[in-house]
$ cat my_file_30.tsv   # TSV, C-alpha atoms
chain	number	residue	atom	x	y	z
O	1	MET	CA	-104.02	-8.23	125.51
O	2	THR	CA	-107.74	-7.78	126.14
O	3	THR	CA	-109.46	-6.33	129.19
O	4	ARG	CA	-110.49	-9.88	130.08
O	5	ASP	CA	-106.84	-11.00	130.07
O	6	ILE	CA	-105.88	-8.20	132.47
O	7	VAL	CA	-108.77	-9.06	134.78
O	8	HIS	CA	-107.77	-12.73	134.74
O	9	ILE	CA	-104.17	-11.87	135.58
O	10	ALA	CA	-105.19	-9.59	138.46
O	11	LEU	CA	-107.76	-11.99	139.93
O	12	PHE	CA	-105.40	-14.94	139.73
O	13	ALA	CA	-102.72	-13.00	141.56
O	14	ALA	CA	-105.36	-12.40	144.23
O	15	ILE	CA	-106.27	-16.12	144.26
O	16	ILE	CA	-102.65	-17.14	144.89
O	17	ALA	CA	-102.48	-14.60	147.71
O	18	ALA	CA	-105.73	-15.94	149.20
O	19	LEU	CA	-104.40	-19.51	149.08
O	20	GLY	CA	-101.71	-18.30	151.48
O	21	VAL	CA	-104.25	-18.31	154.33
O	22	PHE	CA	-104.36	-22.11	154.36
O	23	PRO	CA	-102.37	-23.39	157.29
O	24	PRO	CA	-99.49	-25.44	155.89
O	25	ILE	CA	-100.19	-29.17	155.89
O	26	VAL	CA	-97.25	-31.04	157.41
O	27	LEU	CA	-96.45	-34.33	155.74
O	28	PRO	CA	-96.57	-37.11	158.32
O	29	LEU	CA	-93.41	-39.03	157.33
O	30	VAL	CA	-90.96	-36.43	156.01
O	31	GLY	CA	-92.14	-33.54	158.18
O	32	VAL	CA	-92.02	-31.00	155.36
O	33	PRO	CA	-94.75	-28.36	155.38
O	34	ILE	CA	-96.78	-27.99	152.18
O	35	THR	CA	-98.27	-24.56	151.62
O	36	ALA	CA	-101.17	-24.14	149.25
O	37	GLN	CA	-99.46	-21.12	147.73
O	38	SER	CA	-97.07	-22.88	145.37
O	39	LEU	CA	-100.12	-24.92	144.40
O	40	GLY	CA	-101.59	-21.58	143.32
O	41	VAL	CA	-98.55	-21.02	141.10
O	42	MET	CA	-99.10	-24.39	139.41
O	43	LEU	CA	-102.80	-23.58	138.97
O	44	ALA	CA	-102.03	-20.19	137.41
O	45	GLY	CA	-100.15	-21.92	134.61
O	46	SER	CA	-102.57	-24.84	134.27
O	47	VAL	CA	-105.72	-22.71	134.18
O	48	LEU	CA	-104.64	-19.45	132.50
O	49	GLY	CA	-101.92	-20.71	130.16
O	50	ALA	CA	-98.34	-19.54	129.70
O	51	ARG	CA	-98.59	-15.77	129.19
O	52	ARG	CA	-101.40	-14.91	131.57
O	53	GLY	CA	-100.30	-17.47	134.17
O	54	GLY	CA	-96.74	-16.20	134.23
O	55	LEU	CA	-97.88	-12.58	134.39
O	56	ALA	CA	-100.34	-13.33	137.23
O	57	VAL	CA	-97.49	-14.74	139.33
O	58	LEU	CA	-95.22	-11.84	138.36
O	59	LEU	CA	-97.93	-9.40	139.47
O	60	LEU	CA	-98.22	-11.13	142.84
O	61	LEU	CA	-94.45	-10.97	143.31
O	62	ALA	CA	-94.44	-7.27	142.37
O	63	LEU	CA	-96.96	-6.61	145.15
O	64	VAL	CA	-94.93	-8.73	147.58
O	65	ALA	CA	-91.74	-6.84	146.67
O	66	ALA	CA	-93.60	-3.55	147.12
O	67	GLY	CA	-94.29	-4.55	150.72
O	68	ALA	CA	-97.63	-6.37	150.74
O	69	PRO	CA	-97.53	-9.32	153.18
O	70	LEU	CA	-99.13	-11.75	150.74
O	71	LEU	CA	-96.94	-14.83	151.08
O	72	ALA	CA	-97.99	-17.69	153.38
O	73	GLY	CA	-97.61	-16.73	157.02
O	74	GLY	CA	-97.98	-13.04	156.24
O	75	ARG	CA	-94.50	-12.69	154.78
O	76	GLY	CA	-93.64	-10.02	152.24
O	77	GLY	CA	-91.24	-7.22	151.39
O	78	PHE	CA	-87.92	-7.29	149.59
O	79	GLY	CA	-86.33	-9.44	152.27
O	80	VAL	CA	-88.10	-12.61	151.15
O	81	PHE	CA	-86.31	-12.47	147.79
O	82	LEU	CA	-82.89	-12.16	149.41
O	83	GLY	CA	-83.34	-14.97	151.94
O	84	PRO	CA	-82.32	-18.58	151.32
O	85	SER	CA	-85.55	-19.46	149.47
O	86	GLY	CA	-85.42	-16.37	147.24
O	87	GLY	CA	-84.41	-18.41	144.20
O	88	PHE	CA	-87.61	-20.45	144.39
O	89	LEU	CA	-89.67	-17.23	144.37
O	90	ILE	CA	-87.81	-15.98	141.29
O	91	GLY	CA	-88.58	-19.34	139.70
O	92	TRP	CA	-92.34	-19.01	140.35
O	93	PRO	CA	-93.31	-16.97	137.26
O	94	VAL	CA	-91.11	-19.08	135.02
O	95	ALA	CA	-92.63	-22.24	136.45
O	96	ALA	CA	-96.16	-20.94	135.81
O	97	PHE	CA	-95.14	-19.99	132.27
O	98	VAL	CA	-93.65	-23.39	131.49
O	99	ILE	CA	-96.64	-25.24	132.97
O	100	GLY	CA	-98.97	-23.04	130.93
O	101	TRP	CA	-96.94	-23.59	127.77
O	102	LEU	CA	-97.08	-27.36	128.22
O	103	VAL	CA	-100.80	-27.35	129.06
O	104	GLU	CA	-101.56	-25.20	126.00
O	105	ARG	CA	-99.70	-27.67	123.77
O	106	THR	CA	-101.84	-30.56	124.97
O	107	TRP	CA	-105.07	-28.61	125.64
O	108	GLN	CA	-107.37	-30.67	123.40
O	109	HIS	CA	-106.25	-33.94	124.94
O	110	LEU	CA	-105.69	-32.68	128.46
O	111	ASP	CA	-106.17	-35.49	130.98
O	112	LEU	CA	-104.89	-36.15	134.48
O	113	VAL	CA	-101.65	-37.75	133.31
O	114	ARG	CA	-100.72	-34.92	130.94
O	115	ALA	CA	-101.70	-32.22	133.43
O	116	PHE	CA	-99.66	-33.99	136.12
O	117	LEU	CA	-96.59	-34.23	133.88
O	118	ALA	CA	-96.84	-30.55	132.92
O	119	ASN	CA	-96.96	-29.62	136.61
O	120	VAL	CA	-94.04	-31.89	137.51
O	121	LEU	CA	-91.87	-30.49	134.70
O	122	GLY	CA	-92.75	-26.84	135.27
O	123	GLY	CA	-93.63	-26.80	138.96
O	124	ILE	CA	-90.83	-29.02	140.24
O	125	LEU	CA	-88.02	-29.22	137.66
O	126	VAL	CA	-88.06	-25.54	136.63
O	127	MET	CA	-88.67	-24.33	140.20
O	128	TYR	CA	-85.70	-26.30	141.57
O	129	ALA	CA	-83.53	-25.17	138.65
O	130	PHE	CA	-83.90	-21.65	140.07
O	131	GLY	CA	-84.09	-22.37	143.79
O	132	VAL	CA	-81.26	-24.86	144.31
O	133	PRO	CA	-78.42	-22.91	142.59
O	134	TRP	CA	-79.39	-19.78	144.56
O	135	ILE	CA	-79.04	-21.64	147.87
O	136	ALA	CA	-75.75	-23.14	146.68
O	137	VAL	CA	-74.32	-19.74	145.72
O	138	ALA	CA	-75.64	-17.69	148.64
O	139	ALA	CA	-74.80	-20.28	151.31
O	140	GLU	CA	-71.53	-21.31	149.63
O	141	ILE	CA	-72.38	-25.00	149.68
O	142	PRO	CA	-71.73	-27.42	146.80
O	143	LEU	CA	-74.57	-27.69	144.28
O	144	ALA	CA	-74.88	-31.43	144.94
O	145	THR	CA	-75.35	-30.86	148.68
O	146	ALA	CA	-77.98	-28.19	148.09
O	147	PHE	CA	-79.73	-30.53	145.69
O	148	THR	CA	-79.76	-33.39	148.22
O	149	GLY	CA	-81.26	-31.05	150.79
O	150	ALA	CA	-83.99	-29.99	148.38
O	151	LEU	CA	-84.94	-33.61	147.68
O	152	GLY	CA	-86.85	-33.62	150.97
O	153	PHE	CA	-89.42	-31.31	149.40
O	154	VAL	CA	-90.05	-33.51	146.37
O	155	PRO	CA	-92.74	-35.77	147.93
O	156	GLY	CA	-94.78	-32.72	148.95
O	157	ASP	CA	-94.35	-31.13	145.54
O	158	LEU	CA	-95.43	-34.33	143.80
O	159	ILE	CA	-98.63	-34.31	145.84
O	160	LYS	CA	-99.18	-30.67	144.89
O	161	ALA	CA	-98.63	-31.45	141.21
O	162	GLY	CA	-101.25	-34.19	141.55
O	163	ILE	CA	-103.75	-31.84	143.20
O	164	ALA	CA	-103.04	-29.17	140.58
O	165	ALA	CA	-103.70	-31.73	137.82
O	166	VAL	CA	-107.07	-32.76	139.31
O	167	VAL	CA	-108.13	-29.13	139.78
O	168	ALA	CA	-106.92	-28.10	136.31
O	169	VAL	CA	-108.85	-30.88	134.56
O	170	THR	CA	-112.02	-30.18	136.59
O	171	VAL	CA	-111.86	-26.42	135.99
O	172	LYS	CA	-111.24	-27.02	132.28
O	173	ARG	CA	-114.51	-28.96	132.15
O	174	ALA	CA	-116.44	-26.31	134.10
O	175	TYR	CA	-114.91	-23.12	132.75
O	176	PRO	CA	-112.25	-23.43	130.05
O	177	ILE	CA	-110.06	-20.33	129.78
O	178	ILE	CA	-107.25	-21.40	127.48
O	179	GLU	CA	-108.24	-21.35	123.84
O	180	ALA	CA	-107.39	-24.44	121.85
O	181	LYS	CA	-104.07	-23.95	120.12
O	182	THR	CA	-104.01	-25.15	116.56
O	183	VAL	CA	-100.38	-26.12	116.48
O	184	ALA	CA	-99.02	-25.81	112.97
J	1	MET	CA	-106.87	-0.74	153.97
J	2	THR	CA	-104.03	-1.79	156.25
J	3	LEU	CA	-102.38	-4.08	153.73
J	4	GLY	CA	-98.64	-3.62	153.89
J	5	LEU	CA	-95.68	-4.00	156.20
J	6	TYR	CA	-95.02	-0.24	156.37
J	7	ILE	CA	-94.36	1.13	159.86
J	8	ASP	CA	-95.41	4.74	160.16
J	9	ARG	CA	-92.69	6.87	161.79
J	10	SER	CA	-91.13	10.23	161.15
J	11	SER	CA	-87.51	9.77	160.16
J	12	LEU	CA	-84.93	10.61	157.56
J	13	LEU	CA	-85.25	7.12	156.06
J	14	HIS	CA	-89.03	7.45	155.75
J	15	ARG	CA	-88.60	10.70	153.82
J	16	LEU	CA	-85.96	9.36	151.44
J	17	ALA	CA	-87.20	8.68	147.89
J	18	PRO	CA	-88.01	4.96	147.36
J	19	ALA	CA	-85.78	4.85	144.26
J	20	VAL	CA	-82.79	6.01	146.33
J	21	LYS	CA	-83.44	3.35	148.96
J	22	LEU	CA	-83.80	0.65	146.32
J	23	ALA	CA	-80.61	1.67	144.55
J	24	THR	CA	-78.73	1.61	147.87
J	25	LEU	CA	-80.16	-1.82	148.66
J	26	LEU	CA	-79.04	-3.10	145.27
J	27	ALA	CA	-75.53	-1.72	145.76
J	28	ALA	CA	-75.30	-3.20	149.26
J	29	GLY	CA	-76.61	-6.52	147.95
J	30	ILE	CA	-73.85	-6.73	145.37
J	31	GLY	CA	-71.31	-5.42	147.88
J	32	VAL	CA	-71.80	-8.16	150.48
J	33	PHE	CA	-71.10	-10.80	147.86
J	34	LEU	CA	-67.76	-9.20	147.01
J	35	VAL	CA	-66.48	-9.32	150.60
J	36	ARG	CA	-64.76	-12.60	151.58
J	37	ASP	CA	-63.86	-11.79	155.17
J	38	PRO	CA	-66.67	-11.90	157.78
J	39	LEU	CA	-64.83	-9.32	159.87
J	40	TRP	CA	-65.59	-6.73	157.21
J	41	LEU	CA	-69.28	-7.59	157.33
J	42	LEU	CA	-69.61	-6.84	161.06
J	43	PRO	CA	-69.46	-3.03	160.63
J	44	VAL	CA	-71.96	-3.37	157.75
J	45	LEU	CA	-74.36	-5.26	160.00
J	46	GLY	CA	-73.78	-2.63	162.66
J	47	THR	CA	-74.64	0.13	160.18
J	48	VAL	CA	-77.87	-1.63	159.17
J	49	LEU	CA	-78.88	-2.02	162.83
J	50	MET	CA	-78.06	1.62	163.45
J	51	LEU	CA	-80.29	2.60	160.53
J	52	TYR	CA	-83.11	0.62	162.18
J	53	ALA	CA	-82.63	2.87	165.21
J	54	VAL	CA	-82.59	5.98	162.99
J	55	ALA	CA	-85.84	4.82	161.38
J	56	LYS	CA	-87.32	4.18	164.88
J	57	ILE	CA	-88.27	0.61	164.00
J	58	PRO	CA	-88.87	-1.38	167.21
J	59	PRO	CA	-86.14	-4.03	167.78
J	60	GLY	CA	-88.85	-6.69	168.03
J	61	GLU	CA	-89.40	-6.33	164.28
J	62	VAL	CA	-85.76	-7.20	163.59
J	63	TRP	CA	-86.19	-10.47	165.42
J	64	ARG	CA	-89.59	-11.12	163.81
J	65	GLN	CA	-87.97	-11.13	160.36
J	66	LEU	CA	-84.89	-13.13	161.37
J	67	ARG	CA	-86.74	-15.79	163.37
J	68	PRO	CA	-87.98	-17.82	160.35
J	69	LEU	CA	-84.37	-17.89	159.10
J	70	ALA	CA	-82.77	-18.75	162.44
J	71	VAL	CA	-82.95	-22.55	162.15
J	72	LEU	CA	-81.55	-22.55	158.63
J	73	MET	CA	-78.79	-20.12	159.59
J	74	VAL	CA	-77.64	-22.30	162.49
J	75	LEU	CA	-77.71	-25.25	160.09
J	76	PHE	CA	-75.58	-23.41	157.52
J	77	LEU	CA	-73.12	-22.34	160.22
J	78	LEU	CA	-72.75	-25.84	161.66
J	79	ALA	CA	-72.48	-27.43	158.21
J	80	HIS	CA	-69.71	-25.07	157.20
J	81	GLY	CA	-67.93	-25.35	160.56
J	82	TRP	CA	-67.96	-29.12	160.20
J	83	LEU	CA	-67.28	-29.49	156.47
J	84	THR	CA	-65.32	-26.37	155.48
J	85	THR	CA	-64.32	-23.55	157.81
J	86	TRP	CA	-66.07	-21.59	160.53
J	87	THR	CA	-65.01	-18.40	158.76
J	88	LEU	CA	-67.05	-19.36	155.73
J	89	GLY	CA	-69.97	-20.27	157.98
J	90	PHE	CA	-69.94	-16.86	159.66
J	91	LEU	CA	-69.60	-15.17	156.27
J	92	VAL	CA	-72.72	-16.91	154.95
J	93	VAL	CA	-74.80	-16.22	158.06
J	94	LEU	CA	-73.74	-12.57	158.29
J	95	ARG	CA	-74.43	-12.07	154.60
J	96	PHE	CA	-77.97	-13.41	154.86
J	97	ALA	CA	-78.64	-11.37	158.00
J	98	ILE	CA	-77.45	-8.16	156.31
J	99	LEU	CA	-79.36	-8.80	153.08
J	100	VAL	CA	-82.64	-9.67	154.78
J	101	LEU	CA	-82.46	-6.89	157.40
J	102	ALA	CA	-81.51	-4.22	154.85
J	103	ALA	CA	-84.30	-5.30	152.51
J	104	PHE	CA	-86.85	-5.23	155.31
J	105	LEU	CA	-85.69	-1.80	156.36
J	106	VAL	CA	-86.63	-0.52	152.90
J	107	THR	CA	-90.01	-2.23	153.18
J	108	TYR	CA	-90.69	-0.90	156.69
J	109	THR	CA	-89.90	2.69	155.75
J	110	THR	CA	-91.68	2.88	152.38
J	111	LYS	CA	-95.44	3.03	151.91
J	112	LEU	CA	-96.95	0.36	149.65
J	113	SER	CA	-98.48	3.09	147.50
J	114	ALA	CA	-95.14	4.91	147.12
J	115	MET	CA	-93.45	1.66	146.19
J	116	ILE	CA	-96.11	0.85	143.57
J	117	GLU	CA	-95.78	4.38	142.14
J	118	THR	CA	-92.02	3.87	141.84
J	119	LEU	CA	-92.62	0.53	140.18
J	120	GLU	CA	-95.01	2.11	137.67
J	121	ARG	CA	-92.51	4.83	136.89
J	122	ALA	CA	-89.76	2.25	136.47
J	123	ILE	CA	-91.69	0.35	133.81
J	124	ALA	CA	-92.70	3.44	131.84
J	125	PRO	CA	-89.56	3.28	129.63
J	126	LEU	CA	-90.60	-0.25	128.66
J	127	ALA	CA	-93.58	1.10	126.68
J	128	PRO	CA	-91.87	0.67	123.28
J	129	LEU	CA	-91.45	-3.03	124.10
J	130	GLY	CA	-95.21	-3.44	124.33
J	131	VAL	CA	-95.58	-2.96	128.08
J	132	ASN	CA	-98.53	-0.63	128.61
J	133	PRO	CA	-98.15	1.20	131.95
J	134	ALA	CA	-101.88	1.91	132.12
J	135	LYS	CA	-102.65	-1.80	131.93
J	136	VAL	CA	-100.05	-2.63	134.56
J	137	SER	CA	-101.57	0.00	136.86
J	138	LEU	CA	-105.04	-1.46	136.30
J	139	ALA	CA	-103.81	-4.98	137.06
J	140	LEU	CA	-102.03	-3.82	140.24
J	141	SER	CA	-105.01	-1.94	141.60
J	142	LEU	CA	-107.48	-4.69	140.66
J	143	ALA	CA	-105.36	-7.29	142.45
J	144	LEU	CA	-105.08	-5.11	145.57
J	145	ARG	CA	-108.81	-4.47	145.53
J	146	PHE	CA	-109.74	-8.15	145.18
J	147	ILE	CA	-107.27	-9.76	147.59
J	148	PRO	CA	-109.39	-9.03	150.72
J	149	LEU	CA	-112.50	-10.20	148.87
J	150	LEU	CA	-110.86	-13.48	147.90
J	151	TYR	CA	-109.63	-14.02	151.47
J	152	ASP	CA	-113.28	-13.87	152.53
J	153	ARG	CA	-114.29	-16.13	149.68
J	154	VAL	CA	-111.77	-18.81	150.72
J	155	ARG	CA	-113.17	-18.63	154.25
J	156	GLU	CA	-116.76	-18.91	152.97
J	157	ILE	CA	-116.00	-21.91	150.78
J	158	ARG	CA	-114.08	-23.62	153.58
J	159	GLU	CA	-117.04	-23.22	155.90
J	160	ALA	CA	-119.44	-24.55	153.30
J	161	GLN	CA	-117.19	-27.56	152.68
J	162	ARG	CA	-116.77	-28.16	156.40
J	163	ALA	CA	-120.52	-28.63	156.60
J	164	ARG	CA	-120.04	-31.39	154.01
J	165	GLY	CA	-117.03	-32.81	155.87
J	166	LEU	CA	-114.67	-31.73	153.06
J	167	GLU	CA	-112.69	-28.95	154.75
J	168	ARG	CA	-109.43	-30.90	154.52
J	169	SER	CA	-109.77	-31.55	150.79
J	170	VAL	CA	-107.79	-28.93	148.88
J	171	VAL	CA	-109.48	-29.90	145.60
J	172	SER	CA	-113.00	-29.28	146.90
J	173	ILE	CA	-111.95	-25.81	147.98
J	174	ALA	CA	-109.79	-24.84	144.99
J	175	VAL	CA	-112.31	-25.84	142.29
J	176	PRO	CA	-115.24	-23.69	143.49
J	177	LEU	CA	-112.82	-20.86	144.31
J	178	LEU	CA	-111.45	-20.88	140.76
J	179	VAL	CA	-114.74	-21.33	138.94
J	180	ARG	CA	-116.51	-18.62	140.94
J	181	THR	CA	-113.62	-16.21	140.53
J	182	LEU	CA	-113.32	-16.82	136.79
J	183	ARG	CA	-117.04	-16.21	136.43
J	184	MET	CA	-116.66	-12.98	138.38
J	185	ALA	CA	-113.83	-12.01	136.01
J	186	ASP	CA	-116.29	-11.95	133.11
J	187	ASP	CA	-118.69	-9.61	134.95
J	188	LEU	CA	-115.77	-7.41	135.91
J	189	THR	CA	-114.56	-7.26	132.31
J	190	GLN	CA	-117.98	-6.14	131.13
J	191	ALA	CA	-118.19	-3.56	133.90
J	192	LEU	CA	-114.77	-2.14	132.96
J	193	GLU	CA	-115.58	-1.97	129.28
J	194	ALA	CA	-118.99	-0.42	129.94
J	195	ARG	CA	-117.11	2.34	131.78
J	196	GLY	CA	-114.92	3.01	128.79
J	197	PHE	CA	-111.75	1.09	129.64
J	198	ASP	CA	-110.25	0.06	126.34
J	199	ALA	CA	-107.45	-2.49	126.49
J	200	THR	CA	-106.71	-2.16	122.79
J	201	GLU	CA	-105.92	1.49	123.23
J	202	PRO	CA	-102.22	1.96	122.50
J	203	ALA	CA	-99.81	3.15	125.17
J	204	PRO	CA	-99.82	6.93	125.78
J	205	ARG	CA	-98.27	9.14	123.12
J	206	ALA	CA	-98.54	6.51	120.39
J	207	GLY	CA	-101.26	8.26	118.41
J	208	ARG	CA	-102.65	5.46	116.27
J	209	ALA	CA	-106.40	4.91	116.44
J	210	LYS	CA	-107.44	1.29	116.72
J	211	THR	CA	-110.80	-0.36	116.44
J	212	ARG	CA	-112.03	-2.26	119.46
J	213	ARG	CA	-112.24	-5.99	119.47

$ encode --input "my_file_30.tsv" --output "structure tokens"
Amino acid sequence: MTTRDIVHIALFAAIIAALGVFPPIVLPLVGVPITAQSLGVMLAGSVLGARRGGLAVLLLLALVAAGAPLLAGGRGGFGVFLGPSGGFLIGWPVAAFVIGWLVERTWQHLDLVRAFLANVLGGILVMYAFGVPWIAVAAEIPLATAFTGALGFVPGDLIKAGIAAVVAVTVKRAYPIIEAKTVA
Amino acid sequence: MTLGLYIDRSSLLHRLAPAVKLATLLAAGIGVFLVRDPLWLLPVLGTVLMLYAVAKIPPGEVWRQLRPLAVLMVLFLLAHGWLTTWTLGFLVVLRFAILVLAAFLVTYTTKLSAMIETLERAIAPLAPLGVNPAKVSLALSLALRFIPLLYDRVREIREAQRARGLERSVVSIAVPLLVRTLRMADDLTQALEARGFDATEPAPRAGRAKTRR
């Protein structure tokens, strides 16, 4: 890992924290708030790639766990990991890693569709795979019920995946960070 | 810098080593999942609340942390009361309350710097796996240093985009934020290397000399 990699990881953790200052946008029809912060998680993977993206999110979570109020709404501390949405937070670094892995695989042909798919797979599928079982276990409700409840967040997350795709493709054009992988 | 949720008081809990508090939290976290009867959780909740008093944390803080959970907790309670049993509902709600309050007690009574030090010590044994504690420390302190700066930068970019009527467009804020920050990363890298930081240097005690990239 080079000095540049470490700087990228640190600055991206700071970017995700800074995106927490956006007031959540409430979706008109479903009434679910969208915070820009999980968008930051998607962007970490899409812009930095698997390893650095995942580590950037992990670094942010380490600071949050240590007691820095860096999550949207000034939340932080160990408590946020043990609350009902703790599973989603644990899923964050994995989501960023998976998104980054997918984006790296398709880097040379990265377009809006591919970037969107990578963000849906990593940022929605992987994230829910962590978040929903945790709610089910901790609240003692059936997995299917927890899953139905989580479906309300899907429209907002699809919008975020779309935004992440647009930003990722634009940033790639302006300032590409991921090196082209020559897949054997 | 006032970053952190730490509440400065003089108490036994504040003086306790962070590692001890974390180990206790972990044990309590596992413990509450082993109990099946909510009646047994009441004294545990009572103990946690008593510890808040020992740590001299104002009661308002307890409510501040529970408030965001309140709606969901009522929902869980009603859902269980309706679909399964009220006992299970109370068990779930009490468990969440204990977990969240106990975790926040650790956060309130431990300085951010002390917690980060503990974290750095905890990862030191991972060095043989390729985790370099010096690099982790650098990343942690860089992130802490740049978070306030990036808060300001988001504000700046939002104001600039408002002048163009774009303040509601997330894309037109995220793109300049990312590009400017990535560009800054390159300057920062050069500055670090000019001051002798060498990322290729092996973890302490591994004595192999390596050439720089």

$ closest_residue --input "my_file_30.tsv" --among "O:Leu63, O:Val132, O:Leu143, O:Ala96" --to "chain J" --atoms "all atoms listed in the file"
O:Leu63

$ closest_residue --input "my_file_30.tsv" --among "J:Leu138, J:Leu72, J:Ala103, J:Ala97" --to "chain O" --atoms "only C-alpha atoms"
J:Ala103

$ closest_residue --input "my_file_30.tsv" --among "J:Val32, J:Met115, J:Leu16, J:Ala160" --to "chain O" --atoms "all atoms listed in the file"
J:Met115

$ closest_residue --input "my_file_30.tsv" --among "J:Gly46, J:Pro58, J:Gly89, J:Pro38" --to "chain O" --atoms "all atoms listed in the file"
J:Gly89

$ closest_residue --input "my_file_30.tsv" --among "J:Ile7, J:Met50, J:Val106, J:Leu13" --to "chain O" --atoms "all atoms listed in the file"
J:Val106

$ closest_residue --input "my_file_30.tsv" --among "J:Leu101, J:Ala28, J:Ile116, J:Leu192" --to "Arg4 (chain O)" --atoms "all atoms listed in the file"
J:Leu192

$ residues_around --input "my_file_30.tsv" --residues "Ser10 (chain J)" --least-positions-apart "3" --cutoff "10 Å" --atoms "only C-alpha atoms" --output "list in words"
Ile7, Leu13, His14, Arg15, Val54, Ala55, Lys56 and Thr109 of chain J

$ atom_distance --input "my_file_30.tsv" --atom1 "CA of Arg145 (chain J)" --atom2 "CA of Ile16 (chain O)"
14.1 Å

$ axis_aligned_box --input "my_file_30.tsv" --around "region 88-102 of chain O" --padding-each-side "8 Å" --output "lines of an AutoDock Vina configuration file"
center_x = -93.3
center_y = -21.7
center_z = 136.1
size_x = 27.4
size_y = 27.4
size_z = 32.6

$ residues_around --input "my_file_30.tsv" --residues "Ser38 (chain O)" --least-positions-apart "6" --cutoff "9 Å" --atoms "all atoms listed in the file" --output "PyMOL selection string"
chain O and resi 16+19-20+92+123+157+160

$ write_last_selection --input "my_file_30.tsv" --atoms "C-alpha atoms" --output "PDB file, in the coordinates of the input"
ATOM      1  CA  ILE O  16    -102.650 -17.140 144.890  1.00  0.00           C
ATOM      2  CA  LEU O  19    -104.400 -19.510 149.080  1.00  0.00           C
ATOM      3  CA  GLY O  20    -101.710 -18.300 151.480  1.00  0.00           C
ATOM      4  CA  TRP O  92     -92.340 -19.010 140.350  1.00  0.00           C
ATOM      5  CA  GLY O 123     -93.630 -26.800 138.960  1.00  0.00           C
ATOM      6  CA  ASP O 157     -94.350 -31.130 145.540  1.00  0.00           C
ATOM      7  CA  LYS O 160     -99.180 -30.670 144.890  1.00  0.00           C
TER       8      LYS O 160
END

$ residues_around --input "my_file_30.tsv" --residues "Thr148 (chain O)" --least-positions-apart "6" --cutoff "12 Å" --atoms "only C-alpha atoms" --output "PyMOL selection string"
chain O and resi 128+132-133+135-136+141-142+154
